[in-house]
Amino acid sequence: MKAWQITTPESGLRLAELPDPELRGGGATLDVLAVQIPAYTADLVAGGRGGFPLPIVLGAAGIGRVTATADDVFGVRQGDIAVATGLFRSGRAAEPEEALLGWTGIGGDGRPTPTTDRMRDVWRDGLCAERALQPERTLLALPGAETYKATEQLAFLPWLGIAGAGIERAEVRAGQTVAIVGATGQLGSAAVLVALARGAAAVVAIGRNRDALDALAGLDPRVIPVALTGDRGVDGPAILAAAGPVDAVIDTLGAAPTPEPTMSAYQAIRTDGRWVLVGGVRQDLPIPYGDFMHRRLTLRGSWMCSDSTILDLWSMVRTGVLDLSLLDIQIVGLDDPAAALTAASHRHGLEIVVLMP
Ligand SMILES: NC(=O)c1ccc[n+]([C@@H]2O[C@H](COP(=O)([O-])OP(=O)(O)OC[C@H]3O[C@@H](n4cnc5c(N)ncnc54)[C@H](OP(=O)(O)O)[C@@H]3O)[C@@H](O)[C@H]2O)c1
């Protein structure tokens, strides 16, 4: 089969001809149908986001059709259309350890342990291939997806799930206002879609890219765009003025070099409000103790998502509550990985690149 493989730290991502993956205990084989290529994949391949075992077939999350299951697998069945989330949990309840397969990303404090190393070694290869072997515990069957016409749209479900978990952890209820910092990114745009679908009264969409902000504003009159200038003294008051104090802020920023864009939304959170960090910022936040305490704010982190979040989102998509035809999708094949990663790096917000092997 054809696959996108990294063999050495210097090799980059190459098209390779590999044997079909063989079914083994605890796993299922898939025909890969659709895989979203995140905008920052080229950075990840270049080593900017942590390491993974080599050689590896890239690709943590995507959609596949189950072709066979091991004898001990009951969560998915042959013929199912399933999401592969890539999130492998150790299952050891008292000391949970989690790692992403086919990608970078470790749960907990983000540092690898002997257990996460072994998880990623044993279940090594990901989804950027014609066929894949995945462990049952990363697979989630989507009931009724066999008749969903636009399979390429379903590739966005993992990103919607991550954004949806952030919205859930912010406890956003219908009629509330929510601000999304980094709404111009793909995770941020996913959060905007989820917040709208869950009945937010107003969604303040915050980012730098004007075209992406315009596209979001065109979705729904409840979306209020705010363009970031990079000056917190300007951005903070602009976010506050957009919809008044917000019930919740979801931060989905990429690897911003300063905490300023994250902190710009801080003063817009209402007393008793919630602030959820989902993005890839690697900076520490200068949170004023007394102010945070007196306003009784809640700060939470959110990493990946539960199966139930994805199932809820799939139900919203299936029934038209959440319309994925709003995405601007560029479909690519396996033949030219470098061109696909370049295309992905130029996409913003609701524009995504989807690999259909
Ligand atoms: N918590 C989780 O489970 C989870 C899961 C997956 C990914 N992530 C993280 O989420 C992050 C975002 O993912 P994505 O797919 O949305 O990436 P993306 O499409 O590349 O979006 C990045 C966003 O960050 C903004 N940004 C980057 N640098 C900035 C800066 N210096 N100042 C202001 N804004 C800046 C971009 O703004 P403009 O486009 O307007 O310039 C854009 O809105 C990733 O870095 C990843 O590490 C977290």
# chains A, B, ... in the order shown; residues from 1 in each chain; ligands from 1
>>> residues_near_ligand(ligand="ligand 1", cutoff="7 Å", atoms="only C-alpha atoms and all ligand atoms", output="MDAnalysis selection string")
chainID A and resid 38:40 159 162 182:188 207:209 228 230 252:258 261 278:281 302:305 348:349
>>> residues_around(residues="stretch 10-18 of chain A", least_positions_apart="2", cutoff="12 Å", atoms="only C-alpha atoms", output="VMD selection string")
chain A and resid 1 to 8 20 to 22 41 to 47 54 to 59 125 128 to 132 333 to 342 357
>>> write_last_selection(atoms="C-alpha atoms", output="mmCIF file, in the first residue's frame")
data_model
loop_
_atom_site.group_PDB
_atom_site.id
_atom_site.type_symbol
_atom_site.label_atom_id
_atom_site.label_comp_id
_atom_site.auth_asym_id
_atom_site.auth_seq_id
_atom_site.Cartn_x
_atom_site.Cartn_y
_atom_site.Cartn_z
ATOM 1 C CA MET A 1 0.000 0.000 0.000
ATOM 2 C CA LYS A 2 0.965 3.655 -0.328
ATOM 3 C CA ALA A 3 1.649 5.581 2.868
ATOM 4 C CA TRP A 4 3.249 8.787 4.144
ATOM 5 C CA GLN A 5 6.255 7.688 6.161
ATOM 6 C CA ILE A 6 9.016 9.397 8.121
ATOM 7 C CA THR A 7 12.077 7.146 8.362
ATOM 8 C CA THR A 8 14.699 9.374 10.035
ATOM 9 C CA ASP A 20 -0.553 -3.899 4.261
ATOM 10 C CA PRO A 21 -0.882 -3.770 8.057
ATOM 11 C CA GLU A 22 -1.639 -7.135 9.633
ATOM 12 C CA THR A 41 1.736 19.448 10.165
ATOM 13 C CA ALA A 42 4.868 20.651 8.321
ATOM 14 C CA ASP A 43 6.158 22.121 11.594
ATOM 15 C CA LEU A 44 5.409 18.847 13.366
ATOM 16 C CA VAL A 45 7.236 16.796 10.703
ATOM 17 C CA ALA A 46 10.216 19.158 10.998
ATOM 18 C CA GLY A 47 10.429 18.285 14.705
ATOM 19 C CA LEU A 54 10.775 6.128 13.771
ATOM 20 C CA PRO A 55 10.077 4.925 11.189
ATOM 21 C CA ILE A 56 6.421 5.953 11.395
ATOM 22 C CA VAL A 57 3.396 6.346 9.158
ATOM 23 C CA LEU A 58 2.039 9.769 10.108
ATOM 24 C CA GLY A 59 -1.561 10.578 11.000
ATOM 25 C CA ASP A 125 1.620 3.688 12.506
ATOM 26 C CA CYS A 128 -1.939 8.750 6.248
ATOM 27 C CA ALA A 129 -2.027 5.569 4.195
ATOM 28 C CA GLU A 130 -4.389 3.506 2.098
ATOM 29 C CA ARG A 131 -4.912 1.076 4.965
ATOM 30 C CA ALA A 132 -4.235 1.167 8.698
ATOM 31 C CA GLY A 333 -4.212 12.294 -2.474
ATOM 32 C CA LEU A 334 -1.148 10.439 -1.204
ATOM 33 C CA ASP A 335 1.088 11.128 -4.202
ATOM 34 C CA ASP A 336 2.774 14.364 -3.097
ATOM 35 C CA PRO A 337 3.067 14.717 0.702
ATOM 36 C CA ALA A 338 5.249 17.852 0.527
ATOM 37 C CA ALA A 339 2.686 19.665 -1.635
ATOM 38 C CA ALA A 340 -0.125 18.536 0.685
ATOM 39 C CA LEU A 341 1.663 19.870 3.781
ATOM 40 C CA THR A 342 2.388 23.168 2.032
ATOM 41 C CA PRO A 357 -6.002 8.053 -0.047
#
>>> select_by_dssp(residues="stretch 99-323 of chain A", states="alpha helix (DSSP H)", output="VMD selection string")
chain A and resid 114 to 122 151 to 154 157 to 169 186 to 197 210 to 217 232 to 243 260 to 263 289 to 294 307 to 318
>>> residues_around(residues="A:Asp80", least_positions_apart="3", cutoff="10 Å", atoms="only C-alpha atoms", output="PyMOL selection string")
chain A and resi 30+64-68+76-77+83+140-146
>>> write_last_selection(atoms="all heavy atoms", output="compact mmCIF listing (two decimals), in the first residue's frame")
# COMPACT_ATOMS: atom_id res chain seq x y z
N LEU A 30 -8.40 -0.99 8.83
CA LEU A 30 -9.28 0.00 8.21
C LEU A 30 -8.84 0.28 6.79
O LEU A 30 -7.64 0.30 6.50
CB LEU A 30 -9.19 1.35 8.94
CG LEU A 30 -9.37 1.42 10.45
CD1 LEU A 30 -8.93 2.79 10.95
CD2 LEU A 30 -10.84 1.19 10.80
N GLY A 64 -12.22 5.98 8.81
CA GLY A 64 -11.95 4.78 8.02
C GLY A 64 -13.14 3.84 8.02
O GLY A 64 -14.08 3.99 8.82
N ARG A 65 -13.09 2.87 7.09
CA ARG A 65 -14.09 1.79 7.09
C ARG A 65 -13.42 0.55 7.64
O ARG A 65 -12.35 0.16 7.17
CB ARG A 65 -14.63 1.53 5.68
CG ARG A 65 -15.73 0.46 5.66
CD ARG A 65 -16.20 0.10 4.27
NE ARG A 65 -16.95 1.18 3.65
CZ ARG A 65 -16.49 1.98 2.70
NH1 ARG A 65 -15.25 1.82 2.24
NH2 ARG A 65 -17.22 2.94 2.18
N VAL A 66 -14.02 -0.05 8.66
CA VAL A 66 -13.42 -1.21 9.31
C VAL A 66 -13.49 -2.41 8.38
O VAL A 66 -14.57 -2.77 7.89
CB VAL A 66 -14.14 -1.51 10.65
CG1 VAL A 66 -13.56 -2.77 11.30
CG2 VAL A 66 -14.04 -0.31 11.59
N THR A 67 -12.33 -3.02 8.11
CA THR A 67 -12.30 -4.17 7.21
C THR A 67 -12.23 -5.49 7.97
O THR A 67 -12.70 -6.51 7.48
CB THR A 67 -11.10 -4.07 6.24
OG1 THR A 67 -9.92 -3.78 7.00
CG2 THR A 67 -11.32 -2.97 5.21
N ALA A 68 -11.61 -5.49 9.15
CA ALA A 68 -11.55 -6.72 9.96
C ALA A 68 -11.25 -6.35 11.40
O ALA A 68 -10.63 -5.31 11.67
CB ALA A 68 -10.46 -7.65 9.42
N VAL A 76 -15.96 -2.01 17.58
CA VAL A 76 -16.25 -1.73 16.17
C VAL A 76 -16.43 -3.06 15.45
O VAL A 76 -15.93 -4.09 15.89
CB VAL A 76 -15.11 -0.93 15.49
CG1 VAL A 76 -15.05 0.50 16.00
CG2 VAL A 76 -13.75 -1.63 15.67
N ARG A 77 -17.18 -2.98 14.34
CA ARG A 77 -17.46 -4.19 13.56
C ARG A 77 -17.07 -3.97 12.12
O ARG A 77 -17.06 -2.82 11.65
CB ARG A 77 -18.96 -4.50 13.61
CG ARG A 77 -19.46 -4.69 15.00
CD ARG A 77 -20.98 -4.91 15.00
NE ARG A 77 -21.48 -4.84 16.37
CZ ARG A 77 -22.64 -4.31 16.72
NH1 ARG A 77 -23.45 -3.80 15.81
NH2 ARG A 77 -22.99 -4.29 17.98
N VAL A 83 -14.43 6.73 13.49
CA VAL A 83 -13.40 7.75 13.72
C VAL A 83 -12.24 7.07 14.42
O VAL A 83 -12.44 6.34 15.39
CB VAL A 83 -13.89 8.88 14.65
CG1 VAL A 83 -12.81 9.95 14.82
CG2 VAL A 83 -15.16 9.50 14.15
N LEU A 140 -14.00 4.66 17.19
CA LEU A 140 -15.37 4.96 17.59
C LEU A 140 -16.27 4.84 16.36
O LEU A 140 -16.11 5.59 15.39
CB LEU A 140 -15.40 6.40 18.13
CG LEU A 140 -16.74 6.98 18.52
CD1 LEU A 140 -17.31 6.23 19.72
CD2 LEU A 140 -16.58 8.46 18.86
N ALA A 141 -17.19 3.89 16.40
CA ALA A 141 -18.10 3.69 15.26
C ALA A 141 -19.11 4.84 15.20
O ALA A 141 -19.62 5.28 16.23
CB ALA A 141 -18.83 2.36 15.42
N LEU A 142 -19.37 5.30 13.98
CA LEU A 142 -20.34 6.39 13.78
C LEU A 142 -21.61 5.79 13.19
O LEU A 142 -21.67 5.51 11.98
CB LEU A 142 -19.79 7.42 12.80
CG LEU A 142 -18.53 8.18 13.22
CD1 LEU A 142 -18.07 9.10 12.10
CD2 LEU A 142 -18.79 8.98 14.50
N PRO A 143 -22.64 5.59 14.01
CA PRO A 143 -23.84 4.95 13.48
C PRO A 143 -24.46 5.80 12.37
O PRO A 143 -24.62 7.01 12.51
CB PRO A 143 -24.77 4.87 14.71
CG PRO A 143 -24.17 5.76 15.74
CD PRO A 143 -22.74 5.94 15.43
N GLY A 144 -24.78 5.16 11.26
CA GLY A 144 -25.45 5.87 10.15
C GLY A 144 -24.50 6.58 9.20
O GLY A 144 -24.93 7.13 8.19
N ALA A 145 -23.20 6.55 9.49
CA ALA A 145 -22.27 7.30 8.63
C ALA A 145 -22.12 6.67 7.25
O ALA A 145 -21.64 7.33 6.33
CB ALA A 145 -20.91 7.40 9.32
N GLU A 146 -22.55 5.42 7.10
CA GLU A 146 -22.44 4.75 5.79
C GLU A 146 -23.22 5.53 4.74
O GLU A 146 -22.89 5.49 3.56
CB GLU A 146 -23.01 3.31 5.84
CG GLU A 146 -22.48 2.43 6.96
CD GLU A 146 -23.12 2.76 8.31
OE1 GLU A 146 -24.35 2.93 8.40
OE2 GLU A 146 -22.35 2.86 9.27
>>> atom_distance(atom1="atom CA of A:Ala265", atom2="atom CA of A:Arg282")
17.1 Å
